[in-house]
Each structure stands twice: as structure tokens, then as C-alpha cells.
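*Asks:* Contents are mmCIF, C-alpha atoms; file name target26.cif:
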data_query
#
loop_
_atom_site.group_PDB
_atom_site.id
_atom_site.type_symbol
_atom_site.label_atom_id
_atom_site.label_comp_id
_atom_site.auth_asym_id
_atom_site.auth_seq_id
_atom_site.Cartn_x
_atom_site.Cartn_y
_atom_site.Cartn_z
ATOM 1 C CA MET B 10 169.499 119.953 47.098
ATOM 2 C CA LEU B 11 165.797 120.648 47.575
ATOM 3 C CA ASN B 12 164.934 122.829 50.541
ATOM 4 C CA ARG B 13 161.751 122.507 52.577
ATOM 5 C CA TRP B 14 159.884 125.113 50.521
ATOM 6 C CA THR B 15 160.877 123.557 47.208
ATOM 7 C CA LEU B 16 159.273 120.362 48.478
ATOM 8 C CA ALA B 17 156.169 122.359 49.356
ATOM 9 C CA VAL B 18 155.912 123.654 45.806
ATOM 10 C CA LEU B 19 156.085 120.108 44.472
ATOM 11 C CA LEU B 20 153.063 119.207 46.588
ATOM 12 C CA LEU B 21 150.899 121.751 44.776
ATOM 13 C CA PRO B 22 149.298 121.429 41.337
ATOM 14 C CA CYS B 23 151.156 123.101 38.499
ATOM 15 C CA THR B 24 148.705 125.971 38.069
ATOM 16 C CA ASP B 25 148.760 129.661 38.869
ATOM 17 C CA LEU B 26 147.900 130.248 42.507
ATOM 18 C CA THR B 27 145.066 132.792 42.377
ATOM 19 C CA GLN B 28 142.040 133.313 44.597
ATOM 20 C CA SER B 29 140.260 130.376 42.957
ATOM 21 C CA THR B 30 143.128 128.113 44.022
ATOM 22 C CA CYS B 31 143.509 129.441 47.559
ATOM 23 C CA SER B 32 142.190 126.169 48.945
ATOM 24 C CA ARG B 33 145.082 124.321 47.286
ATOM 25 C CA LEU B 34 147.425 125.805 49.888
ATOM 26 C CA ALA B 35 145.978 123.281 52.331
ATOM 27 C CA ALA B 36 148.188 120.689 50.601
ATOM 28 C CA ILE B 37 151.308 122.155 52.239
ATOM 29 C CA ALA B 38 152.739 119.757 54.831
ATOM 30 C CA LEU B 39 156.098 120.549 56.349
ATOM 31 C CA HIS B 40 158.282 119.726 59.325
ATOM 32 C CA HIS B 41 156.846 122.085 61.952
ATOM 33 C CA MET B 42 153.876 123.568 60.093
ATOM 34 C CA THR B 43 150.400 122.357 59.210
ATOM 35 C CA VAL B 44 147.648 124.221 57.376
ATOM 36 C CA SER B 45 144.321 123.795 59.147
ATOM 37 C CA LEU B 46 142.396 126.151 56.849
ATOM 38 C CA ALA B 47 142.914 127.645 53.387
ATOM 39 C CA GLN B 48 139.713 129.552 52.705
ATOM 40 C CA PRO B 49 138.779 131.874 49.848
ATOM 41 C CA VAL B 50 136.757 134.727 51.336
ATOM 42 C CA ALA B 51 134.411 136.775 49.201
ATOM 43 C CA SER B 52 134.368 140.524 49.638
ATOM 44 C CA SER B 53 132.175 142.162 52.297
ATOM 45 C CA ALA B 54 132.123 140.032 55.452
ATOM 46 C CA LEU B 55 133.899 137.154 57.161
ATOM 47 C CA ARG B 56 132.154 135.324 59.988
ATOM 48 C CA LEU B 57 134.532 133.791 62.515
ATOM 49 C CA SER B 58 133.491 130.259 63.423
ATOM 50 C CA GLN B 59 136.162 130.343 66.136
ATOM 51 C CA SER B 60 137.981 133.303 67.615
ATOM 52 C CA SER B 61 140.992 133.460 69.903
ATOM 53 C CA ASP B 62 140.793 137.259 69.925
ATOM 54 C CA SER B 63 139.040 138.469 73.058
ATOM 55 C CA ALA B 64 137.658 141.395 71.059
ATOM 56 C CA PHE B 65 135.822 139.084 68.672
ATOM 57 C CA ALA B 66 133.524 136.367 69.926
ATOM 58 C CA SER B 67 132.924 133.186 67.977
ATOM 59 C CA GLY B 68 130.366 133.968 65.286
ATOM 60 C CA ALA B 69 131.389 137.647 65.035
ATOM 61 C CA ALA B 70 131.413 139.164 61.551
ATOM 62 C CA LEU B 71 134.225 141.292 60.124
ATOM 63 C CA ARG B 72 132.762 143.595 57.476
ATOM 64 C CA ASP B 73 133.923 145.685 54.522
ATOM 65 C CA LEU B 74 136.690 143.267 53.630
ATOM 66 C CA PRO B 75 138.095 142.825 50.128
ATOM 67 C CA SER B 76 138.106 139.340 48.640
ATOM 68 C CA LEU B 77 141.020 137.485 50.151
ATOM 69 C CA CYS B 78 142.683 134.160 50.848
ATOM 70 C CA ARG B 79 142.634 133.276 54.542
ATOM 71 C CA VAL B 80 145.221 130.723 55.648
ATOM 72 C CA VAL B 81 145.355 129.380 59.211
ATOM 73 C CA LEU B 82 148.651 127.799 60.248
ATOM 74 C CA THR B 83 149.715 125.793 63.282
ATOM 75 C CA LEU B 84 153.435 125.883 64.015
ATOM 76 C CA SER B 85 155.070 123.319 66.306
ATOM 77 C CA PRO B 86 158.810 124.042 66.566
ATOM 78 C CA SER B 87 158.948 122.113 69.862
ATOM 79 C CA PRO B 88 156.859 119.285 71.361
ATOM 80 C CA ASP B 89 155.206 121.856 73.671
ATOM 81 C CA SER B 90 154.593 124.486 70.979
ATOM 82 C CA THR B 91 151.210 125.174 69.405
ATOM 83 C CA ILE B 92 151.534 128.520 67.665
ATOM 84 C CA LYS B 93 148.443 129.711 65.800
ATOM 85 C CA VAL B 94 149.019 132.034 62.849
ATOM 86 C CA GLU B 95 146.579 133.640 60.431
ATOM 87 C CA LEU B 96 147.750 134.919 57.056
ATOM 88 C CA TRP B 97 145.349 137.054 55.021
ATOM 89 C CA MET B 98 146.199 137.800 51.383
ATOM 90 C CA PRO B 99 144.186 140.113 49.111
ATOM 91 C CA ALA B 100 142.901 138.273 46.055
ATOM 92 C CA GLN B 101 143.207 141.428 43.980
ATOM 93 C CA HIS B 102 145.164 144.674 44.137
ATOM 94 C CA TRP B 103 147.910 143.336 46.388
ATOM 95 C CA ASN B 104 150.377 146.158 46.974
ATOM 96 C CA GLY B 105 153.330 143.750 46.943
ATOM 97 C CA ARG B 106 154.023 144.232 50.634
ATOM 98 C CA PHE B 107 153.815 142.003 53.717
ATOM 99 C CA LEU B 108 152.820 143.334 57.144
ATOM 100 C CA GLY B 109 153.541 141.416 60.336
ATOM 101 C CA GLY B 110 151.568 142.336 63.424
ATOM 102 C CA GLY B 111 152.391 141.992 67.095
ATOM 103 C CA ASN B 112 150.516 141.637 70.362
ATOM 104 C CA GLY B 113 149.713 143.404 73.597
ATOM 105 C CA GLY B 114 150.370 142.283 77.159
ATOM 106 C CA PHE B 115 150.871 138.531 77.411
ATOM 107 C CA ALA B 116 149.375 138.009 73.919
ATOM 108 C CA GLY B 117 147.164 134.919 73.631
ATOM 109 C CA SER B 118 144.980 135.907 70.673
ATOM 110 C CA ILE B 119 144.911 136.716 66.962
ATOM 111 C CA ASP B 120 144.494 140.435 66.234
ATOM 112 C CA TYR B 121 141.715 140.327 63.629
ATOM 113 C CA GLU B 122 141.255 144.087 63.626
ATOM 114 C CA ARG B 123 144.870 144.527 62.549
ATOM 115 C CA LEU B 124 144.488 141.903 59.819
ATOM 116 C CA SER B 125 141.274 143.536 58.564
ATOM 117 C CA THR B 126 142.846 146.988 58.392
ATOM 118 C CA ALA B 127 145.917 145.660 56.599
ATOM 119 C CA VAL B 128 144.087 143.814 53.815
ATOM 120 C CA ARG B 129 141.798 146.801 53.260
ATOM 121 C CA GLN B 130 144.970 148.770 52.542
ATOM 122 C CA GLY B 131 146.288 146.151 50.113
ATOM 123 C CA TYR B 132 148.777 144.379 52.383
ATOM 124 C CA ALA B 133 149.188 140.655 52.842
ATOM 125 C CA ALA B 134 149.256 140.391 56.634
ATOM 126 C CA ALA B 135 149.887 137.879 59.391
ATOM 127 C CA ALA B 136 149.160 137.721 63.111
ATOM 128 C CA THR B 137 149.767 135.127 65.823
ATOM 129 C CA ASP B 138 148.671 134.228 69.351
ATOM 130 C CA THR B 139 152.405 133.523 70.110
ATOM 131 C CA GLY B 140 151.639 129.948 71.168
ATOM 132 C CA HIS B 141 148.905 130.094 73.792
ATOM 133 C CA SER B 142 145.288 131.140 74.228
ATOM 134 C CA GLY B 143 144.162 133.620 76.869
ATOM 135 C CA THR B 144 143.639 137.268 77.695
ATOM 136 C CA PHE B 145 146.463 139.777 77.497
ATOM 137 C CA VAL B 146 146.683 139.935 81.322
ATOM 138 C CA ASP B 147 146.821 136.139 81.762
ATOM 139 C CA ALA B 148 150.245 134.510 82.193
ATOM 140 C CA HIS B 149 149.315 131.191 83.816
ATOM 141 C CA TRP B 150 150.279 129.374 80.602
ATOM 142 C CA ALA B 151 153.977 130.144 81.248
ATOM 143 C CA LEU B 152 154.327 128.185 84.503
ATOM 144 C CA GLY B 153 156.161 124.931 83.787
ATOM 145 C CA HIS B 154 156.287 125.574 80.017
ATOM 146 C CA PRO B 155 159.723 126.952 79.098
ATOM 147 C CA GLU B 156 159.195 126.280 75.386
ATOM 148 C CA LYS B 157 156.025 128.370 75.389
ATOM 149 C CA ILE B 158 158.012 131.165 76.996
ATOM 150 C CA VAL B 159 160.530 130.930 74.146
ATOM 151 C CA ASP B 160 157.655 131.066 71.650
ATOM 152 C CA PHE B 161 156.240 134.151 73.364
ATOM 153 C CA ALA B 162 159.652 135.788 73.703
ATOM 154 C CA TYR B 163 160.688 135.674 70.042
ATOM 155 C CA ARG B 164 160.164 132.379 68.220
ATOM 156 C CA ALA B 165 156.488 132.757 67.335
ATOM 157 C CA ILE B 166 156.902 136.126 65.603
ATOM 158 C CA HIS B 167 159.977 134.963 63.698
ATOM 159 C CA LEU B 168 158.366 131.745 62.458
ATOM 160 C CA MET B 169 155.118 133.572 61.684
ATOM 161 C CA THR B 170 157.151 135.892 59.475
ATOM 162 C CA VAL B 171 159.279 133.292 57.698
ATOM 163 C CA ASP B 172 156.482 130.802 57.080
ATOM 164 C CA SER B 173 153.897 133.429 56.104
ATOM 165 C CA LYS B 174 156.225 134.956 53.531
ATOM 166 C CA ALA B 175 156.890 131.499 52.095
ATOM 167 C CA VAL B 176 153.152 130.689 51.803
ATOM 168 C CA LEU B 177 152.580 134.133 50.332
ATOM 169 C CA HIS B 178 155.254 133.385 47.724
ATOM 170 C CA LEU B 179 153.432 130.217 46.753
ATOM 171 C CA TYR B 180 150.112 132.014 46.448
ATOM 172 C CA TYR B 181 151.240 135.028 44.431
ATOM 173 C CA GLY B 182 154.148 133.388 42.639
ATOM 174 C CA ARG B 183 156.600 135.980 43.925
ATOM 175 C CA PRO B 184 157.946 137.181 47.276
ATOM 176 C CA PRO B 185 156.892 140.490 48.799
ATOM 177 C CA THR B 186 158.789 143.531 47.600
ATOM 178 C CA TYR B 187 158.940 144.873 51.150
ATOM 179 C CA ALA B 188 158.090 143.432 54.558
ATOM 180 C CA TYR B 189 157.133 145.577 57.527
ATOM 181 C CA PHE B 190 156.397 144.950 61.200
ATOM 182 C CA GLU B 191 154.197 147.332 63.188
ATOM 183 C CA SER B 192 152.929 147.106 66.751
ATOM 184 C CA CYS B 193 153.247 148.620 70.214
ATOM 185 C CA SER B 194 153.766 147.644 73.857
ATOM 186 C CA THR B 195 154.545 143.903 73.793
ATOM 187 C CA GLY B 196 154.425 144.293 70.026
ATOM 188 C CA GLY B 197 157.060 147.008 70.302
ATOM 189 C CA ARG B 198 159.266 144.590 72.215
ATOM 190 C CA GLN B 199 158.621 141.951 69.566
ATOM 191 C CA GLY B 200 159.744 144.400 66.895
ATOM 192 C CA LEU B 201 162.972 145.152 68.751
ATOM 193 C CA MET B 202 163.584 141.439 69.201
ATOM 194 C CA GLU B 203 163.094 140.873 65.468
ATOM 195 C CA ALA B 204 165.572 143.637 64.659
ATOM 196 C CA GLN B 205 168.145 142.211 67.069
ATOM 197 C CA ARG B 206 167.816 138.491 66.365
ATOM 198 C CA PHE B 207 166.473 138.313 62.804
ATOM 199 C CA PRO B 208 167.368 141.536 60.952
ATOM 200 C CA ASN B 209 166.569 139.981 57.571
ATOM 201 C CA ASP B 210 162.923 139.303 58.434
ATOM 202 C CA TYR B 211 161.728 142.865 57.791
ATOM 203 C CA SER B 212 162.591 145.836 55.613
ATOM 204 C CA GLY B 213 161.274 148.210 58.270
ATOM 205 C CA ILE B 214 160.027 147.929 61.846
ATOM 206 C CA LEU B 215 157.802 150.350 63.746
ATOM 207 C CA SER B 216 158.073 149.583 67.475
ATOM 208 C CA GLY B 217 155.742 151.788 69.468
ATOM 209 C CA ALA B 218 156.013 152.069 73.275
ATOM 210 C CA PRO B 219 158.188 148.919 73.452
ATOM 211 C CA ALA B 220 157.813 146.957 76.684
ATOM 212 C CA ASN B 221 161.361 145.709 76.330
ATOM 213 C CA ASN B 222 162.891 145.990 79.826
ATOM 214 C CA TRP B 223 160.799 143.269 81.424
ATOM 215 C CA THR B 224 162.808 143.034 84.651
ATOM 216 C CA GLY B 225 162.387 146.736 85.364
ATOM 217 C CA LEU B 226 158.884 146.933 83.895
ATOM 218 C CA LEU B 227 157.309 144.089 85.850
ATOM 219 C CA THR B 228 159.204 145.054 89.009
ATOM 220 C CA SER B 229 157.676 148.521 88.735
ATOM 221 C CA PHE B 230 154.230 146.974 88.213
ATOM 222 C CA GLY B 231 154.673 145.013 91.426
ATOM 223 C CA TYR B 232 155.930 148.063 93.310
ATOM 224 C CA LEU B 233 153.020 150.232 92.173
ATOM 225 C CA SER B 234 150.486 147.517 92.923
ATOM 226 C CA ARG B 235 151.888 147.135 96.432
ATOM 227 C CA ALA B 236 151.993 150.888 97.003
ATOM 228 C CA LEU B 237 148.373 151.298 95.927
ATOM 229 C CA ASN B 238 146.888 148.231 97.587
ATOM 230 C CA LEU B 239 148.886 147.456 100.739
ATOM 231 C CA ASP B 240 147.187 150.298 102.598
ATOM 232 C CA PRO B 241 143.529 150.913 101.616
ATOM 233 C CA ALA B 242 144.099 154.625 102.214
ATOM 234 C CA SER B 243 146.658 154.633 99.363
ATOM 235 C CA TYR B 244 144.064 153.799 96.739
ATOM 236 C CA ILE B 245 143.249 156.715 94.446
ATOM 237 C CA PRO B 246 139.591 156.526 93.343
ATOM 238 C CA PRO B 247 138.809 157.409 89.718
ATOM 239 C CA ASP B 248 136.862 160.549 90.651
ATOM 240 C CA ARG B 249 140.053 162.091 92.062
ATOM 241 C CA LEU B 250 142.099 161.592 88.877
ATOM 242 C CA PRO B 251 140.822 164.741 87.089
ATOM 243 C CA VAL B 252 142.004 166.846 90.042
ATOM 244 C CA ILE B 253 145.456 165.266 89.923
ATOM 245 C CA GLN B 254 145.616 165.724 86.168
ATOM 246 C CA SER B 255 144.690 169.391 86.478
ATOM 247 C CA ALA B 256 147.370 169.952 89.096
ATOM 248 C CA VAL B 257 150.062 168.327 86.961
ATOM 249 C CA LEU B 258 149.037 170.374 83.924
ATOM 250 C CA ALA B 259 149.021 173.562 85.994
ATOM 251 C CA ALA B 260 152.570 172.859 87.129
ATOM 252 C CA CYS B 261 154.152 171.556 83.928
ATOM 253 C CA ASP B 262 152.024 171.993 80.804
ATOM 254 C CA ALA B 263 153.375 175.417 79.775
ATOM 255 C CA GLN B 264 157.051 174.586 80.346
ATOM 256 C CA ASP B 265 157.518 173.865 76.634
ATOM 257 C CA GLY B 266 156.020 177.226 75.717
ATOM 258 C CA VAL B 267 152.650 175.834 74.639
ATOM 259 C CA ARG B 268 149.680 175.345 76.931
ATOM 260 C CA ASP B 269 148.003 172.472 75.085
ATOM 261 C CA GLY B 270 147.038 169.940 77.758
ATOM 262 C CA VAL B 271 150.149 167.832 77.142
ATOM 263 C CA VAL B 272 153.267 167.646 79.343
ATOM 264 C CA ASN B 273 156.173 167.332 76.912
ATOM 265 C CA LEU B 274 159.150 168.156 79.172
ATOM 266 C CA LEU B 275 158.811 165.319 81.657
ATOM 267 C CA SER B 276 162.405 165.604 82.863
ATOM 268 C CA SER B 277 161.861 169.174 84.065
ATOM 269 C CA CYS B 278 158.393 168.631 85.547
ATOM 270 C CA ARG B 279 158.576 169.117 89.321
ATOM 271 C CA PHE B 280 154.982 168.510 90.336
ATOM 272 C CA ASP B 281 154.498 168.401 94.103
ATOM 273 C CA PRO B 282 151.413 166.382 95.167
ATOM 274 C CA ALA B 283 151.393 168.344 98.432
ATOM 275 C CA VAL B 284 149.526 171.131 96.627
ATOM 276 C CA LEU B 285 146.482 168.868 96.725
ATOM 277 C CA LEU B 286 146.368 168.669 100.519
ATOM 278 C CA CYS B 287 143.170 170.506 101.395
ATOM 279 C CA LYS B 288 141.044 171.195 104.423
ATOM 280 C CA ASN B 289 137.966 170.081 102.508
ATOM 281 C CA GLU B 290 137.348 167.328 99.978
ATOM 282 C CA PRO B 291 138.790 168.288 96.570
ATOM 283 C CA SER B 292 136.279 168.840 93.810
ATOM 284 C CA ALA B 293 136.800 167.294 90.376
ATOM 285 C CA ALA B 294 134.824 170.211 88.926
ATOM 286 C CA LEU B 295 137.575 172.721 89.756
ATOM 287 C CA PRO B 296 139.752 173.587 86.714
ATOM 288 C CA TYR B 297 142.810 173.547 89.014
ATOM 289 C CA PRO B 298 143.050 172.696 92.732
ATOM 290 C CA THR B 299 143.648 175.465 95.223
ATOM 291 C CA PRO B 300 147.137 175.143 96.787
ATOM 292 C CA ARG B 301 147.097 174.472 100.502
ATOM 293 C CA SER B 302 148.961 177.710 101.190
ATOM 294 C CA GLN B 303 146.033 179.678 99.760
ATOM 295 C CA LEU B 304 143.288 177.945 101.742
#
As C-alpha cells, please, write out the structure in this file.
*Replies:*
Amino acid sequence: MLNRWTLAVLLLPCTDLTQSTCSRLAAIALHHMTVSLAQPVASSALRLSQSSDSAFASGAALRDLPSLCRVVLTLSPSPDSTIKVELWMPAQHWNGRFLGGGNGGFAGSIDYERLSTAVRQGYAAAATDTGHSGTFVDAHWALGHPEKIVDFAYRAIHLMTVDSKAVLHLYYGRPPTYAYFESCSTGGRQGLMEAQRFPNDYSGILSGAPANNWTGLLTSFGYLSRALNLDPASYIPPDRLPVIQSAVLAACDAQDGVRDGVVNLLSSCRFDPAVLLCKNEPSAALPYPTPRSQL
């Protein structure tokens, strides 16, 4: 029996898929995936006619790129799903590896910087907006859209991975030797979700600072926001932060035996903010605040 990717191969001309035939990948038409762009990109620069990445405006240029094949996919696993994916594949000197990238916050954009870095290092790489467009602090898209929440939670990264590796196979004529996922924060959570739900997607996963306990995490965000904003006197202005930092370092920095400006033993740090209670306004210029008992 022919599977969905065997049918995709039959749609393509019987020639080697190299950079000169990158545009032929646009012929792929499958159940939940369409190819909106299959573009050979010459080395040096790529100008983005459209950009969902808040860091790159429409018309921005990405420079110092190798020649590559840029494929833009739209995945629609549900009637309310519109998942944008970009797959970038080096035309030459591919290292045989695939790199999947994650997102930050509430996602909503393609991480072009991550894609650029990956292809410069020889990886074929993919990134996704997880099914909606917006800034990483914008979650209005989720209200009344349970399928988009599923896409954001795990489905977009999984389908990005499976479909990108299949397109990559068509382009190079072989699958990747290894597949890796690397990201942090929401991307760290995405990596953990991949490992738990789809352990065969990646050979290795690097999940940095994973925002995986959403109930506790967002509850703490709400608590801190209320604590800082309910009473105007609770707000800590930015010019006071260096004083607080100095006090914490004075209390806890050297507990690990090294005074290096980093608190490593958080569990044993017993910083008391009361040391900052002063008769006069604290000065950010002081290397350490003077304890109240010494004033």
C-alpha cells in the first residue's frame, strides 16, 4: 500500500532533487499540508517579503546566508488550524542533520534568526509560529479556539518535525542521519512535550529553562503582578534594582566559595530585604547597602 509520502514522491519529476530543482517541491499536495513557497535562495542575503517574526519587519534582509532551499508550509490538521512552518535546507555542504526550533512565550512567529544560524552551520532547520500570528506576550488567539490551543501545546511542533523531515528526504534523497531539537522557555516545554509524546521525532533534545508547569507558572505570574501593582507603593522602580542586587550578592554570592557575582546556592540563600530599610533614600551608586542596624 502506498503511504502519503510515497504519493508525494510520485507527484515530483524523476530527477535528482538539488538546489536547481528546489522549486519542484511546490508540487507536493497532501492531506493536511500545502506548500506556499519553494524558493531557491542564492548565497549572501534573503529579503523577507512577509515576516511573522516580530524581530524582522517585512522587507528585512537576512545576510551572510549560504545558498539554500526555502520551503514555506501551511499545515491544517483541523478546520481551525493554520500552522505556518519554514524549512531551510543548505544547497551544499549539508551536515546530514535536521534541527527543529521552538518558540518563546505564546509563540506567534517564525524564528528567522534561529533558521539563519542553523543553515550557516550546515543544518537543515525548521521553525513554526505554532498556528497563530502575534507577539510572544499575546494570547488573545486562544479564546474560543481549542484546536489552536492543541496546536500550540504540542501538535504544531510534532507536525513541523514529521513533515519537514519528509520534505527534506525528498529534496536530498535521504533522511537526516540525526535530528535535534533545541530551544528554551516555551521552547523548553515544547522539547519536553516532544520527548514525552513523540520520542521518535528526535535523536536528542536540548530543553533550556522549560516553562513546563503552566498552572504553577502562570499562577505565580498573576500573584507577582498583583503584589507589585495592587498597591502603587509596592512597585520597585528600575533605579532601585542595582541596590537590591548588591544586597543579595553581599548575602549569598560567596556561599559557594567563589565571589563571582553569581548566586549558585539558591536553596541556602537567606537574604533579608529588611537590610535595605534606611533612614535616607538608598543610592544605586553604593557597592552594597548599609544595613539598618549600622545607620
*Asks:* So which residues touch B:Pro99 within 9 Å, counting all atoms listed in the file, skipping near sequence neighbours fewer than 4 positions away, as a PyMOL selection string?
*Replies:* chain B and resi 28+75-79+103-104+128-129+131-133
*Asks:* Restricting the calculation to all atoms listed in the file: of B:Gly225, B:Gly217, B:Pro49, B:Gly110, which residue gets closest to B:Cys193?
*Replies:* B:Gly217
*Asks:* To test your reading of the syntax: which residues would the PyMOL selection byres ((chain B and resi 86-88) around 7) return for the file shown? Reply as a compact mmCIF listing (two decimals) with C-alpha atoms, in the coordinates of the input.
*Replies:*
# COMPACT_ATOMS: atom_id res chain seq x y z
CA HIS B 41 156.85 122.08 61.95
CA LEU B 84 153.44 125.88 64.02
CA SER B 85 155.07 123.32 66.31
CA ASP B 89 155.21 121.86 73.67
CA SER B 90 154.59 124.49 70.98
CA GLU B 156 159.20 126.28 75.39
*Asks:* Find the residue from B:Tyr187, B:Trp97, B:Phe161, B:Tyr211 that sits nearest to B:Phe115; use only C-alpha atoms when measuring.
*Replies:*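 Of all the options, B:Phe161 lies closest to B:Phe115.
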*Asks:* Around the point (140.3, 126.8, 54.4) in the file's coordinates, collect all residues with an atom within 9 Å, using all atoms listed in the file, and return them as an MDAnalysis selection string.
*Replies:* chainID B and resid 31:35 44:49 78:81
*Asks:* Once you count only C-alpha atoms, which residues end up no further than 7 Å from (146.7, 140.6, 79.3) in the file's frame, shown as a short mmCIF file (atom, residue, chain, number, x, y, z; two decimals) with C-alpha atoms, in the frame of the given file?
*Replies:*
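File result_4.cif, as written:
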data_model
loop_
_atom_site.label_atom_id
_atom_site.label_comp_id
_atom_site.auth_asym_id
_atom_site.auth_seq_id
_atom_site.Cartn_x
_atom_site.Cartn_y
_atom_site.Cartn_z
CA GLY B 114 150.37 142.28 77.16
CA PHE B 115 150.87 138.53 77.41
CA ALA B 116 149.38 138.01 73.92
CA THR B 144 143.64 137.27 77.69
CA PHE B 145 146.46 139.78 77.50
CA VAL B 146 146.68 139.94 81.32
CA ASP B 147 146.82 136.14 81.76
#
*Asks:* From the options B:Val171, B:Ala260, B:Leu74, B:Leu152, which residue's atoms come nearest to B:Gln130, counting all atoms listed in the file?
*Replies:* B:Leu74
*Asks:* State, in Å with one decimal place, the distance from atom CA of B:Phe190 to atom CA of B:Asp138.
*Replies:* 15.5 Å
*Asks:* Expressed in Å to a single decimal, how great is the separation between atom CA of B:Leu233 and atom CA of B:Ala283?
*Replies:*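 Straight-line distance from atom CA of B:Leu233 to atom CA of B:Ala283 works out to 19.2 Å.
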*Asks:* So how far away is atom CA of B:Glu95 from atom CA of B:Ala136, in Å?
*Replies:*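 Between atom CA of B:Ala136 and atom CA of B:Glu95 the gap works out to 5.5 Å.
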*Asks:* May I have the centre and edge lengths, in Å to one decimal, of an axis-aligned box around the listed atoms of stretch 128-133 of chain B with 4 Å added to every side, as lines of an AutoDock Vina configuration file?
*Replies:*
center_x = 145.5
center_y = 144.7
center_z = 52.0
size_x = 15.4
size_y = 16.1
size_z = 11.7
*Asks:* B:Ala51, B:Met169, B:Leu57, B:Val94: which is nearest B:Asp73, counting all atoms listed in the file?
*Replies:*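 Comparing B:Ala51, B:Met169, B:Leu57, B:Val94 against B:Asp73, the winner is B:Ala51.
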*Asks:* List the neighbours of B:Gln264 out to 12 Å using all atoms listed in the file; skip same-chain residues closer than 6 positions along the sequence, and give me the result as a ChimeraX atom specification.
*Replies:* /B:257-258,270-280
*Asks:* Find the residues around B:Gly200 up to 9 Å (all atoms listed in the file counted), leave out those fewer than 6 positions away in its own chain, and share them as a count of residues only.
*Replies:* 11
